file structure19.cif (mmCIF, C-alpha atoms)
data_model
#
loop_
_atom_site.label_atom_id
_atom_site.label_comp_id
_atom_site.auth_asym_id
_atom_site.auth_seq_id
_atom_site.Cartn_x
_atom_site.Cartn_y
_atom_site.Cartn_z
CA MET A 4 29.97 10.47 -14.90
CA SER A 5 30.89 8.76 -11.69
CA ASP A 6 34.51 8.26 -10.91
CA GLY A 7 35.89 6.13 -8.11
CA GLN A 8 33.30 3.37 -8.69
CA THR A 9 34.91 0.52 -6.79
CA PRO A 10 33.30 -2.87 -6.20
CA ALA A 11 32.75 -1.86 -2.56
CA SER A 12 30.96 1.38 -3.34
CA SER A 13 29.06 -0.40 -6.06
CA ALA A 14 27.91 -3.07 -3.59
CA ARG A 15 26.73 -0.28 -1.30
CA GLU A 16 24.83 1.16 -4.23
CA LEU A 17 23.14 -2.21 -4.80
CA ALA A 18 22.25 -2.41 -1.11
CA ARG A 19 20.70 1.03 -1.33
CA ALA A 20 18.72 -0.08 -4.37
CA ALA A 21 17.54 -3.16 -2.44
CA ALA A 22 16.36 -0.91 0.41
CA GLY A 23 14.48 1.25 -2.07
CA ALA A 24 12.93 -1.85 -3.62
CA ALA A 25 11.66 -3.02 -0.23
CA VAL A 26 10.21 0.40 0.66
CA PHE A 27 8.38 0.76 -2.62
CA ALA A 28 7.17 -2.83 -2.92
CA LEU A 29 5.95 -3.55 0.61
CA PRO A 30 2.40 -2.19 0.12
CA MET A 31 2.09 -4.44 -2.94
CA LEU A 32 3.75 -7.41 -1.25
CA MET A 33 1.07 -7.19 1.45
CA THR A 34 -1.90 -7.03 -0.93
CA MET A 35 -3.55 -10.36 -1.64
CA GLU A 36 -4.98 -9.31 -4.99
CA MET A 37 -1.38 -8.87 -6.10
CA TRP A 38 -0.56 -12.46 -5.11
CA TRP A 39 -3.58 -13.77 -6.99
CA LEU A 40 -2.68 -11.83 -10.11
CA GLY A 41 0.48 -13.91 -10.30
CA PHE A 42 -1.50 -16.94 -11.38
CA THR A 43 -4.75 -15.49 -12.70
CA MET A 44 -3.08 -13.08 -15.11
CA ASP A 45 -2.94 -14.14 -18.72
CA GLY A 46 0.58 -15.34 -19.62
CA MET A 47 0.90 -13.24 -22.77
CA ARG A 48 -0.19 -10.09 -20.96
CA LEU A 49 2.25 -10.83 -18.14
CA ALA A 50 5.10 -11.22 -20.65
CA LEU A 51 4.09 -7.99 -22.41
CA PHE A 52 3.86 -6.27 -19.05
CA LEU A 53 7.38 -7.38 -18.14
CA ALA A 54 8.74 -6.18 -21.49
CA LEU A 55 7.14 -2.75 -21.06
CA THR A 56 8.46 -2.62 -17.52
CA VAL A 57 12.02 -3.08 -18.76
CA LEU A 58 11.54 -0.12 -21.13
CA LEU A 59 9.96 1.96 -18.37
CA LEU A 60 12.86 1.20 -16.03
CA ALA A 61 15.37 2.04 -18.71
CA GLY A 62 13.67 5.40 -19.16
CA LEU A 63 13.54 6.01 -15.41
CA SER A 64 17.17 5.02 -15.12
CA PHE A 65 18.05 7.50 -17.82
CA TYR A 66 16.44 10.35 -15.88
CA SER A 67 17.36 9.33 -12.34
CA GLY A 68 19.89 6.58 -12.65
CA MET A 69 21.19 3.80 -10.45
CA ARG A 70 24.41 5.21 -11.73
CA ASP A 71 25.05 7.80 -14.41
CA ALA A 72 23.83 6.09 -17.49
CA PHE A 73 25.24 7.44 -20.70
CA ASP A 74 23.41 5.64 -23.43
CA TRP A 75 20.57 3.23 -24.00
CA ARG A 76 22.74 0.17 -23.42
CA ASP A 77 23.71 1.38 -19.98
CA SER A 78 20.11 2.30 -19.23
CA LEU A 79 18.99 -1.15 -20.31
CA ALA A 80 21.66 -2.77 -18.13
CA ASP A 81 20.48 -0.61 -15.23
CA ALA A 82 16.92 -1.75 -15.89
CA CYS A 83 18.06 -5.37 -15.73
CA THR A 84 19.95 -4.73 -12.49
CA ALA A 85 16.82 -3.17 -11.02
CA ILE A 86 14.72 -6.15 -12.12
CA ALA A 87 17.22 -8.55 -10.54
CA ILE A 88 17.10 -6.63 -7.25
CA GLY A 89 13.32 -6.27 -7.39
CA ALA A 90 12.79 -9.96 -8.12
CA ALA A 91 15.22 -11.05 -5.40
CA ILE A 92 13.62 -8.78 -2.77
CA SER A 93 10.10 -9.84 -3.77
CA ALA A 94 10.95 -13.52 -3.74
CA ALA A 95 12.65 -13.23 -0.34
CA ILE A 96 9.81 -11.30 1.31
CA LEU A 97 7.01 -13.40 -0.22
CA THR A 98 8.84 -16.53 0.97
CA LEU A 99 9.14 -15.07 4.48
CA PHE A 100 5.41 -14.29 4.42
CA GLY A 101 4.69 -17.87 3.36
CA VAL A 102 2.85 -16.55 0.33
CA ILE A 103 4.96 -18.51 -2.09
CA GLY A 104 4.34 -22.19 -1.57
CA TRP A 105 7.50 -23.56 -3.12
CA ALA A 106 6.09 -27.10 -2.81
CA THR A 107 2.42 -26.48 -3.53
CA ASP A 108 2.47 -23.81 -6.26
CA SER A 109 3.27 -24.48 -9.89
CA PRO A 110 6.51 -22.97 -11.28
CA ARG A 111 4.38 -20.72 -13.49
CA GLY A 112 2.41 -19.51 -10.48
CA ILE A 113 5.57 -18.81 -8.46
CA LEU A 114 7.12 -16.95 -11.39
CA GLY A 115 3.95 -14.90 -11.85
CA LYS A 116 3.85 -13.89 -8.20
CA ILE A 117 7.46 -12.73 -8.34
CA VAL A 118 7.24 -10.97 -11.72
CA ILE A 119 4.21 -8.91 -10.75
CA GLN A 120 5.91 -7.74 -7.54
CA ALA A 121 9.25 -7.16 -9.22
CA VAL A 122 7.76 -4.23 -11.15
CA PRO A 123 7.17 -1.81 -8.23
CA ALA A 124 10.24 -3.19 -6.45
CA ALA A 125 12.44 -2.46 -9.45
CA MET A 126 10.97 1.04 -9.70
CA GLY A 127 11.90 1.50 -6.06
CA ALA A 128 15.41 0.26 -6.79
CA VAL A 129 15.84 2.85 -9.54
CA LEU A 130 14.35 5.65 -7.48
CA ALA A 131 16.40 4.79 -4.39
CA ARG A 132 19.41 6.41 -5.96
CA GLU A 133 17.29 9.39 -6.87
CA GLN A 134 15.83 9.99 -3.44
CA PHE A 135 18.32 8.49 -0.99
CA GLY A 136 21.51 9.14 -2.89
CA GLN A 137 23.25 12.21 -4.17
CA GLN A 138 22.50 13.56 -7.58
CA SER A 139 25.21 14.51 -9.92
CA GLY A 140 25.05 17.78 -11.79
CA GLU A 141 24.82 15.75 -14.96
CA GLN A 142 21.53 14.13 -13.89
CA GLN A 143 20.14 17.45 -12.78
CA ARG A 144 21.04 18.92 -16.14
CA ARG A 145 19.50 16.02 -18.02
CA LYS A 146 16.25 16.29 -16.11
CA GLU A 147 15.98 19.98 -16.68
CA ALA A 148 16.51 19.27 -20.36
CA ALA A 149 14.01 16.41 -20.22
CA GLY A 150 11.60 18.47 -22.24
CA TYR A 151 7.96 17.97 -22.85
CA PHE A 152 7.84 14.25 -23.61
CA GLY A 153 10.27 13.50 -20.81
CA SER A 154 7.89 15.23 -18.41
CA LEU A 155 4.96 13.23 -19.72
CA PHE A 156 7.00 10.03 -19.37
CA LEU A 157 7.85 10.81 -15.74
CA MET A 158 4.21 11.62 -15.01
CA GLY A 159 3.19 8.29 -16.52
CA ALA A 160 5.71 6.49 -14.33
CA GLY A 161 4.37 8.24 -11.22
CA ALA A 162 0.81 7.36 -12.19
CA LEU A 163 1.77 3.74 -12.74
CA TYR A 164 3.45 3.47 -9.37
CA LEU A 165 0.65 5.01 -7.31
CA SER A 166 -2.18 3.13 -8.99
CA PHE A 167 -0.31 -0.16 -9.24
CA ASN A 168 -1.68 -1.89 -6.17
CA LEU A 169 -5.12 -0.33 -6.53
CA ALA A 170 -5.72 -1.56 -10.07
CA PRO A 171 -6.18 -5.25 -9.20
CA THR A 172 -8.60 -4.62 -6.32
CA GLN A 173 -12.36 -5.09 -6.66
CA GLU A 174 -12.98 -1.71 -5.10
CA MET A 175 -12.14 0.08 -8.37
CA ALA A 176 -15.09 -1.51 -10.17
CA LEU A 177 -17.27 -1.21 -7.07
CA ILE A 178 -16.63 2.53 -6.79
CA ALA A 179 -17.26 2.93 -10.52
CA TYR A 180 -20.63 1.17 -10.23
CA LYS A 181 -21.65 3.51 -7.44
CA MET A 182 -20.94 6.58 -9.57
CA SER A 183 -23.13 8.23 -12.18
CA ALA A 184 -21.72 9.75 -15.37
CA TRP A 185 -21.79 13.14 -13.65
CA HIS A 186 -19.76 11.81 -10.76
CA GLY A 187 -17.26 10.46 -13.30
CA ILE A 188 -16.92 13.78 -15.10
CA GLY A 189 -16.56 15.57 -11.79
CA LEU A 190 -13.85 13.16 -10.65
CA ALA A 191 -11.95 13.58 -13.93
CA LEU A 192 -12.08 17.38 -13.59
CA LEU A 193 -11.00 17.18 -9.96
CA SER A 194 -8.10 14.89 -10.93
CA MET A 195 -6.89 17.36 -13.55
CA ALA A 196 -7.28 20.29 -11.17
CA ALA A 197 -5.39 18.43 -8.44
CA LEU A 198 -2.62 17.50 -10.86
CA HIS A 199 -2.29 21.11 -11.90
CA ALA A 200 -2.49 22.51 -8.38
CA PHE A 201 0.13 20.10 -7.03
CA VAL A 202 2.61 21.05 -9.69
CA TYR A 203 2.03 24.77 -10.17
CA GLU A 204 -0.09 26.34 -7.51
CA VAL A 205 0.15 25.14 -3.93
CA GLY A 206 3.86 25.68 -3.42
CA PHE A 207 5.31 22.26 -2.65
CA HIS A 208 9.06 21.99 -2.60
CA GLY A 209 10.16 21.54 -6.20
CA GLN A 210 7.19 23.44 -7.57
CA GLU A 211 7.47 24.35 -11.21
CA SER A 212 7.26 27.96 -12.20
CA ARG A 213 5.05 28.94 -15.08
CA GLU A 214 7.68 31.33 -16.39
CA GLY A 215 5.20 33.73 -17.85
CA ALA A 216 3.22 31.12 -19.73
CA SER A 217 -0.52 31.57 -19.55
CA PHE A 218 -2.55 29.51 -17.11
CA TRP A 219 -4.58 27.81 -19.81
CA GLY A 220 -1.53 27.11 -21.92
CA MET A 221 0.22 25.29 -19.07
CA PHE A 222 -3.01 23.63 -18.00
CA LEU A 223 -3.62 22.17 -21.45
CA ARG A 224 -0.01 21.37 -22.25
CA TYR A 225 0.94 19.67 -18.99
CA SER A 226 -2.02 18.98 -16.74
CA VAL A 227 -4.57 17.84 -19.33
CA ALA A 228 -1.95 15.93 -21.32
CA GLY A 229 -0.55 14.47 -18.12
CA TYR A 230 -4.03 13.37 -17.13
CA ALA A 231 -4.52 11.79 -20.53
CA VAL A 232 -1.29 9.82 -20.04
CA THR A 233 -2.51 8.81 -16.58
CA LEU A 234 -5.83 7.65 -18.00
CA GLY A 235 -3.99 5.65 -20.66
CA VAL A 236 -1.74 4.04 -18.05
CA SER A 237 -4.81 3.19 -15.97
CA LEU A 238 -6.60 1.57 -18.89
CA CYS A 239 -3.50 -0.43 -19.84
CA MET A 240 -3.09 -1.70 -16.29
CA LEU A 241 -6.76 -2.61 -15.93
CA TRP A 242 -6.58 -4.45 -19.23
CA ALA A 243 -3.36 -6.26 -18.33
CA PHE A 244 -4.78 -7.31 -14.97
CA GLY A 245 -7.99 -8.50 -16.62
CA ARG A 246 -10.13 -6.14 -14.55
CA ILE A 247 -12.17 -4.71 -17.43
CA GLN A 248 -12.69 -8.04 -19.13
CA GLY A 249 -16.23 -8.31 -20.40
CA MET A 250 -17.14 -4.78 -19.33
CA SER A 251 -18.97 -2.41 -21.60
CA PRO A 252 -16.71 0.44 -22.84
CA PRO A 253 -18.49 3.12 -20.75
CA ASP A 254 -18.07 1.02 -17.61
CA ALA A 255 -14.42 0.41 -18.43
CA VAL A 256 -13.80 4.14 -18.90
CA MET A 257 -15.49 4.83 -15.58
CA VAL A 258 -13.22 2.35 -13.80
CA ALA A 259 -10.22 3.95 -15.51
CA ILE A 260 -11.34 7.39 -14.29
CA VAL A 261 -11.60 6.05 -10.76
CA LEU A 262 -8.11 4.57 -10.97
CA ALA A 263 -6.73 7.69 -12.64
CA PHE A 264 -7.59 9.77 -9.57
CA PRO A 265 -4.76 8.35 -7.42
CA GLY A 266 -2.80 8.04 -10.65
CA ALA A 267 -3.04 11.79 -11.28
CA LEU A 268 -1.74 12.52 -7.79
CA GLY A 269 1.12 10.11 -8.44
CA ALA A 270 1.83 11.88 -11.73
CA ALA A 271 1.91 15.23 -9.95
CA VAL A 272 4.27 13.97 -7.26
CA ALA A 273 6.53 12.43 -9.90
CA ARG A 274 6.63 15.75 -11.70
CA LEU A 275 7.68 17.45 -8.46
CA VAL A 276 10.25 15.04 -7.08
CA LEU A 277 11.72 13.36 -10.14
CA MET B 21 22.26 11.40 -28.97
CA ALA B 22 24.75 13.98 -30.19
CA ALA B 23 25.13 15.52 -26.75
CA PRO B 24 28.60 16.84 -25.95
CA ARG B 25 28.96 14.36 -23.11
CA ASP B 26 29.16 11.58 -25.67
CA ARG B 27 32.13 13.04 -27.42
CA PRO B 28 34.40 10.31 -28.71
CA GLY B 29 37.60 9.44 -26.93
CA ARG B 30 36.10 9.85 -23.48
CA LYS B 31 35.85 6.31 -22.15
CA PRO B 32 33.17 5.73 -19.52
CA ALA B 33 34.39 4.34 -16.20
CA ALA B 34 34.40 0.54 -16.26
CA THR B 35 31.33 -0.99 -14.65
CA PRO B 36 32.28 -2.64 -11.34
CA TRP B 37 31.70 -6.37 -11.20
CA PRO B 38 28.86 -6.43 -8.60
CA GLU B 39 26.73 -4.33 -10.91
CA ARG B 40 27.68 -6.36 -13.92
CA VAL B 41 26.70 -9.57 -12.11
CA ALA B 42 23.39 -8.03 -10.99
CA ALA B 43 22.63 -6.81 -14.49
CA ALA B 44 23.39 -10.25 -15.92
CA ILE B 45 21.12 -11.94 -13.35
CA GLY B 46 18.34 -9.48 -14.12
CA CYS B 47 18.71 -10.04 -17.84
CA LEU B 48 18.57 -13.82 -17.34
CA PHE B 49 15.51 -13.44 -15.12
CA VAL B 50 13.66 -11.39 -17.71
CA LEU B 51 14.54 -13.71 -20.59
CA GLY B 52 13.80 -16.79 -18.49
CA ALA B 53 10.43 -15.37 -17.47
CA PHE B 54 9.60 -14.66 -21.11
CA GLY B 55 10.59 -18.20 -21.99
CA ILE B 56 8.46 -19.84 -19.32
CA LEU B 57 5.43 -17.61 -19.88
CA LEU B 58 5.44 -17.94 -23.64
CA TYR B 59 6.14 -21.66 -23.49
CA ARG B 60 3.21 -22.19 -21.13
CA GLU B 61 1.06 -20.03 -23.32
CA LEU B 62 1.96 -21.61 -26.64
CA ALA B 63 2.54 -25.25 -25.68
CA GLY B 64 0.85 -25.52 -22.28
CA GLY B 65 -2.65 -25.31 -23.60
CA ASP B 66 -5.64 -23.99 -21.76
CA VAL B 67 -7.10 -26.97 -19.96
CA PRO B 68 -9.96 -26.08 -17.57
CA PRO B 69 -9.55 -27.02 -13.90
CA ARG B 70 -9.14 -30.75 -13.25
CA ILE B 71 -9.64 -31.21 -9.57
CA GLU B 72 -8.29 -34.22 -7.72
CA LEU B 73 -9.21 -34.65 -4.07
CA HIS B 74 -7.42 -36.84 -1.55
CA VAL B 75 -7.95 -37.63 2.09
CA GLU B 76 -4.70 -36.96 3.93
CA ALA B 77 -5.72 -37.91 7.45
CA ILE B 78 -8.74 -38.40 9.70
CA GLN B 79 -8.44 -37.08 13.24
CA ALA B 80 -10.76 -37.27 16.23
CA GLN B 81 -11.44 -33.82 17.67
CA PRO B 82 -10.95 -33.33 21.44
CA SER B 83 -14.36 -31.64 21.63
CA GLY B 84 -16.05 -34.51 19.82
CA GLY B 85 -16.49 -35.07 16.15
CA TYR B 86 -13.93 -35.75 13.46
CA LEU B 87 -11.76 -33.78 11.12
CA VAL B 88 -10.94 -35.03 7.64
CA LEU B 89 -7.84 -33.32 6.26
CA ILE B 90 -8.05 -33.04 2.50
CA ARG B 91 -5.74 -32.04 -0.28
CA ALA B 92 -7.09 -30.51 -3.49
CA ALA B 93 -4.86 -30.58 -6.55
CA ASN B 94 -5.61 -28.91 -9.87
CA ALA B 95 -4.10 -30.81 -12.80
CA GLY B 96 -5.56 -28.38 -15.34
CA ASP B 97 -4.05 -25.12 -16.56
CA ARG B 98 -6.71 -22.65 -15.55
CA THR B 99 -7.29 -21.34 -12.05
CA ALA B 100 -10.41 -22.35 -10.16
CA ALA B 101 -11.70 -19.54 -7.95
CA GLN B 102 -14.18 -20.14 -5.12
CA LEU B 103 -13.77 -23.86 -5.57
CA ARG B 104 -16.40 -25.68 -3.53
CA VAL B 105 -15.69 -29.14 -2.20
CA SER B 106 -18.17 -31.40 -0.47
CA GLY B 107 -17.69 -34.61 1.44
CA GLU B 108 -20.37 -37.18 2.18
CA LEU B 109 -20.42 -40.10 4.57
CA ARG B 110 -22.42 -42.89 2.95
CA GLN B 111 -23.81 -46.17 4.07
CA ASP B 112 -25.64 -48.57 1.79
CA GLY B 113 -25.87 -45.90 -0.88
CA ARG B 114 -27.53 -43.43 1.47
CA THR B 115 -25.89 -40.20 2.57
CA VAL B 116 -25.73 -40.07 6.34
CA GLU B 117 -23.84 -36.83 6.77
CA ALA B 118 -22.46 -34.12 4.47
CA SER B 119 -19.98 -31.29 4.94
CA ASP B 120 -18.53 -28.73 2.60
CA THR B 121 -15.81 -26.14 2.34
CA SER B 122 -14.45 -23.82 -0.32
CA PHE B 123 -11.01 -22.74 -1.52
CA ASP B 124 -10.50 -19.10 -2.53
CA TYR B 125 -8.17 -20.01 -5.35
CA LEU B 126 -6.71 -23.22 -6.69
CA PRO B 127 -4.33 -22.28 -9.51
CA GLY B 128 -3.43 -24.71 -12.27
CA HIS B 129 -0.82 -27.37 -11.40
CA SER B 130 -0.98 -26.41 -7.74
CA ARG B 131 -2.16 -27.90 -4.46
CA ARG B 132 -4.09 -26.46 -1.54
CA HIS B 133 -5.05 -28.00 1.80
CA GLY B 134 -8.24 -27.85 3.81
CA GLY B 135 -10.49 -29.86 6.08
CA LEU B 136 -14.05 -31.11 6.56
CA PHE B 137 -15.70 -31.65 9.95
CA PHE B 138 -18.06 -34.52 10.66
CA THR B 139 -19.89 -35.59 13.80
CA ARG B 140 -19.77 -39.29 12.89
CA ASN B 141 -16.58 -41.28 12.54
CA PRO B 142 -15.69 -41.33 8.84
CA HIS B 143 -13.90 -44.66 9.36
CA ASP B 144 -17.28 -46.32 9.84
CA TYR B 145 -18.66 -45.12 6.52
CA SER B 146 -17.54 -44.70 2.96
CA LEU B 147 -16.32 -41.13 2.46
CA ALA B 148 -16.96 -39.54 -0.94
CA LEU B 149 -15.21 -36.27 -1.81
CA ARG B 150 -16.44 -34.21 -4.71
CA ALA B 151 -15.67 -30.80 -6.21
CA THR B 152 -19.07 -29.21 -6.80
CA GLY B 153 -18.24 -25.97 -8.60
CA TYR B 154 -15.96 -23.00 -9.16
CA VAL B 155 -15.90 -19.65 -10.96
CA GLU B 156 -13.35 -18.25 -13.38
CA PRO B 157 -11.23 -15.70 -11.56
#

call {"tool": "encode", "arguments": {"input": "structure19.cif", "output": "structure tokens"}}
result
Amino acid sequence: MSDGQTPASSARELARAAAGAAVFALPMLMTMEMWWLGFTMDGMRLALFLALTVLLLAGLSFYSGMRDAFDWRDSLADACTAIAIGAAISAAILTLFGVIGWATDSPRGILGKIVIQAVPAAMGAVLAREQFGQQSGEQQRRKEAAGYFGSLFLMGAGALYLSFNLAPTQEMALIAYKMSAWHGIGLALLSMAALHAFVYEVGFHGQESREGASFWGMFLRYSVAGYAVTLGVSLCMLWAFGRIQGMSPPDAVMVAIVLAFPGALGAAVARLVL
Amino acid sequence: MAAPRDRPGRKPAATPWPERVAAAIGCLFVLGAFGILLYRELAGGDVPPRIELHVEAIQAQPSGGYLVLIRAANAGDRTAAQLRVSGELRQDGRTVEASDTSFDYLPGHSRRHGGLFFTRNPHDYSLALRATGYVEP
């Protein structure tokens, strides 16, 4: 619980969140496929995407927190704050870049461009507190008590962030077409191994200890399950962005495996730093 | 949520107004976005691209030749990708000169600008603009 929350310190908190939003969103703001998604993406999928984003942000806010959130209402309010900051930063930067044609684009197209960018920006806003600010003992305690599904959730969020601006690019499908089934299986195994190694073996700061659990037990419980979550996140994103439209299921899975490679690294990093 | 931190009687610190304002704006943004997206989806229909082409200006080029500035507007709902536009200078029903260009994307209810180069003066002929094709994005 934070005491001494004055309007001034709160405004500073918002400014810090805005800085985080800019840092996290800039790679996406400078990717043209992301601009195009704003108007090519199906309206229903975009709305669904935004709704899921609010839930994701509420969950992230619960574990990291723009401020110490106590219950789901506070987490939801934090999510909305993050969306407001993310949308404002995205709109401002896209306008500066001249990407939003306020006179030549339709309102729906402008909204789409902002909404799609507000997602990573809002994640950055939530994480800014986590990485740039101080953590309270309460948050630390909550994260340690996050448990199994909390860990999977955080891994999914990391996967989403890292693969977000790769998913809409043509290269994902292009790489998948260049690969045989054996390449695909190899890449999936490598992704799982990398996920496991990042978290348990190579000794990054924040490395998790296995605490006597067997290698295979941890590998199956966290790394394989985490990879499955990553693969699911990848498929959802490819579907939402319309990138696997009209593809045969094997092709779609191959594209998801390609996208899940950076996603798995993102999941591992999230597991370490969040 | 029966954690000890939620024990009754312990009032959380009041949310400062800047955060409350930001949260309210975010909430409005999300709900407004839902409203616009669903409205467009349910009532807006799914009209394929309807391309309207206009000549905005004709300029003589310093190095010779002429530039026709054109504006392409899409009155439909769907986006036209790789939209190809051709212009022809005609005289007595015969095409004397043709030029073409393409737009990466022309989203629904939006405008984009471009240009066509000709060697002859378009003022001396009748200029016909035509959208020749596109692909779904």

call {"tool": "resolve_selection", "arguments": {"input": "structure19.cif", "expression": "the PyMOL selection byres ((chain A) within 7 of (chain B))", "output": "PyMOL selection string"}}
result
chain A and resi 6+8-10+13-14+42-43+46-47+50+80-81+83-84+86-87+107-109

call {"tool": "resolve_selection", "arguments": {"input": "structure19.cif", "expression": "the PyMOL selection byres ((chain B and resi 72) around 8)", "output": "PyMOL selection string"}}
result
chain B and resi 70-71+73-74+92-95

call {"tool": "resolve_selection", "arguments": {"input": "structure19.cif", "expression": "the PyMOL selection byres ((chain B and resi 150) around 7)", "output": "PyMOL selection string"}}
result
chain B and resi 105-107+148-149+151-152

call {"tool": "write_last_selection", "arguments": {"input": "structure19.cif", "atoms": "C-alpha atoms", "output": "mmCIF file, in the frame of the given file"}}
result
data_model
loop_
_atom_site.group_PDB
_atom_site.id
_atom_site.type_symbol
_atom_site.label_atom_id
_atom_site.label_comp_id
_atom_site.auth_asym_id
_atom_site.auth_seq_id
_atom_site.Cartn_x
_atom_site.Cartn_y
_atom_site.Cartn_z
ATOM 1 C CA VAL B 105 -15.690 -29.140 -2.200
ATOM 2 C CA SER B 106 -18.170 -31.400 -0.470
ATOM 3 C CA GLY B 107 -17.690 -34.610 1.440
ATOM 4 C CA ALA B 148 -16.960 -39.540 -0.940
ATOM 5 C CA LEU B 149 -15.210 -36.270 -1.810
ATOM 6 C CA ALA B 151 -15.670 -30.800 -6.210
ATOM 7 C CA THR B 152 -19.070 -29.210 -6.800
#

call {"tool": "residues_around", "arguments": {"input": "structure19.cif", "residues": "segment 134-137 of chain B", "least_positions_apart": "4", "cutoff": "12 Å", "atoms": "only C-alpha atoms", "output": "PyMOL selection string"}}
result
chain B and resi 73-81+83-93+103-109+117-124+126+141-142+147-150

call {"tool": "closest_residue", "arguments": {"input": "structure19.cif", "among": "A:Tyr180, A:Tyr225, A:Phe244, A:Tyr164", "to": "Phe52 of chain A", "atoms": "only C-alpha atoms"}}
result
A:Phe244

call {"tool": "decode", "arguments": {"input": "structure19.cif", "residues": "segment 132-154 of chain B", "atoms": "C-alpha atoms", "output": "PDB file, in the first residue's frame"}}
result
ATOM      1  CA  ARG B 132      -4.553   9.249 -50.954  1.00  0.00           C
ATOM      2  CA  HIS B 133      -2.616  11.463 -53.354  1.00  0.00           C
ATOM      3  CA  GLY B 134      -0.354  10.635 -56.264  1.00  0.00           C
ATOM      4  CA  GLY B 135       0.703  11.773 -59.709  1.00  0.00           C
ATOM      5  CA  LEU B 136       1.008  10.698 -63.339  1.00  0.00           C
ATOM      6  CA  PHE B 137       3.686  11.947 -65.736  1.00  0.00           C
ATOM      7  CA  PHE B 138       3.021  12.649 -69.395  1.00  0.00           C
ATOM      8  CA  THR B 139       5.228  13.969 -72.169  1.00  0.00           C
ATOM      9  CA  ARG B 140       2.343  15.699 -73.965  1.00  0.00           C
ATOM     10  CA  ASN B 141       0.333  18.532 -72.484  1.00  0.00           C
ATOM     11  CA  PRO B 142      -2.801  17.012 -70.951  1.00  0.00           C
ATOM     12  CA  HIS B 143      -4.640  20.295 -71.543  1.00  0.00           C
ATOM     13  CA  ASP B 144      -4.602  19.566 -75.275  1.00  0.00           C
ATOM     14  CA  TYR B 145      -6.299  16.191 -74.911  1.00  0.00           C
ATOM     15  CA  SER B 146      -9.084  14.602 -72.965  1.00  0.00           C
ATOM     16  CA  LEU B 147      -7.639  12.949 -69.863  1.00  0.00           C
ATOM     17  CA  ALA B 148      -9.307   9.735 -68.681  1.00  0.00           C
ATOM     18  CA  LEU B 149      -8.424   8.344 -65.243  1.00  0.00           C
ATOM     19  CA  ARG B 150      -9.315   4.793 -64.377  1.00  0.00           C
ATOM     20  CA  ALA B 151      -8.674   2.402 -61.484  1.00  0.00           C
ATOM     21  CA  THR B 152      -7.603  -0.840 -63.136  1.00  0.00           C
ATOM     22  CA  GLY B 153      -7.307  -3.270 -60.222  1.00  0.00           C
ATOM     23  CA  TYR B 154      -6.447  -3.992 -56.613  1.00  0.00           C
TER      24      TYR B 154
END
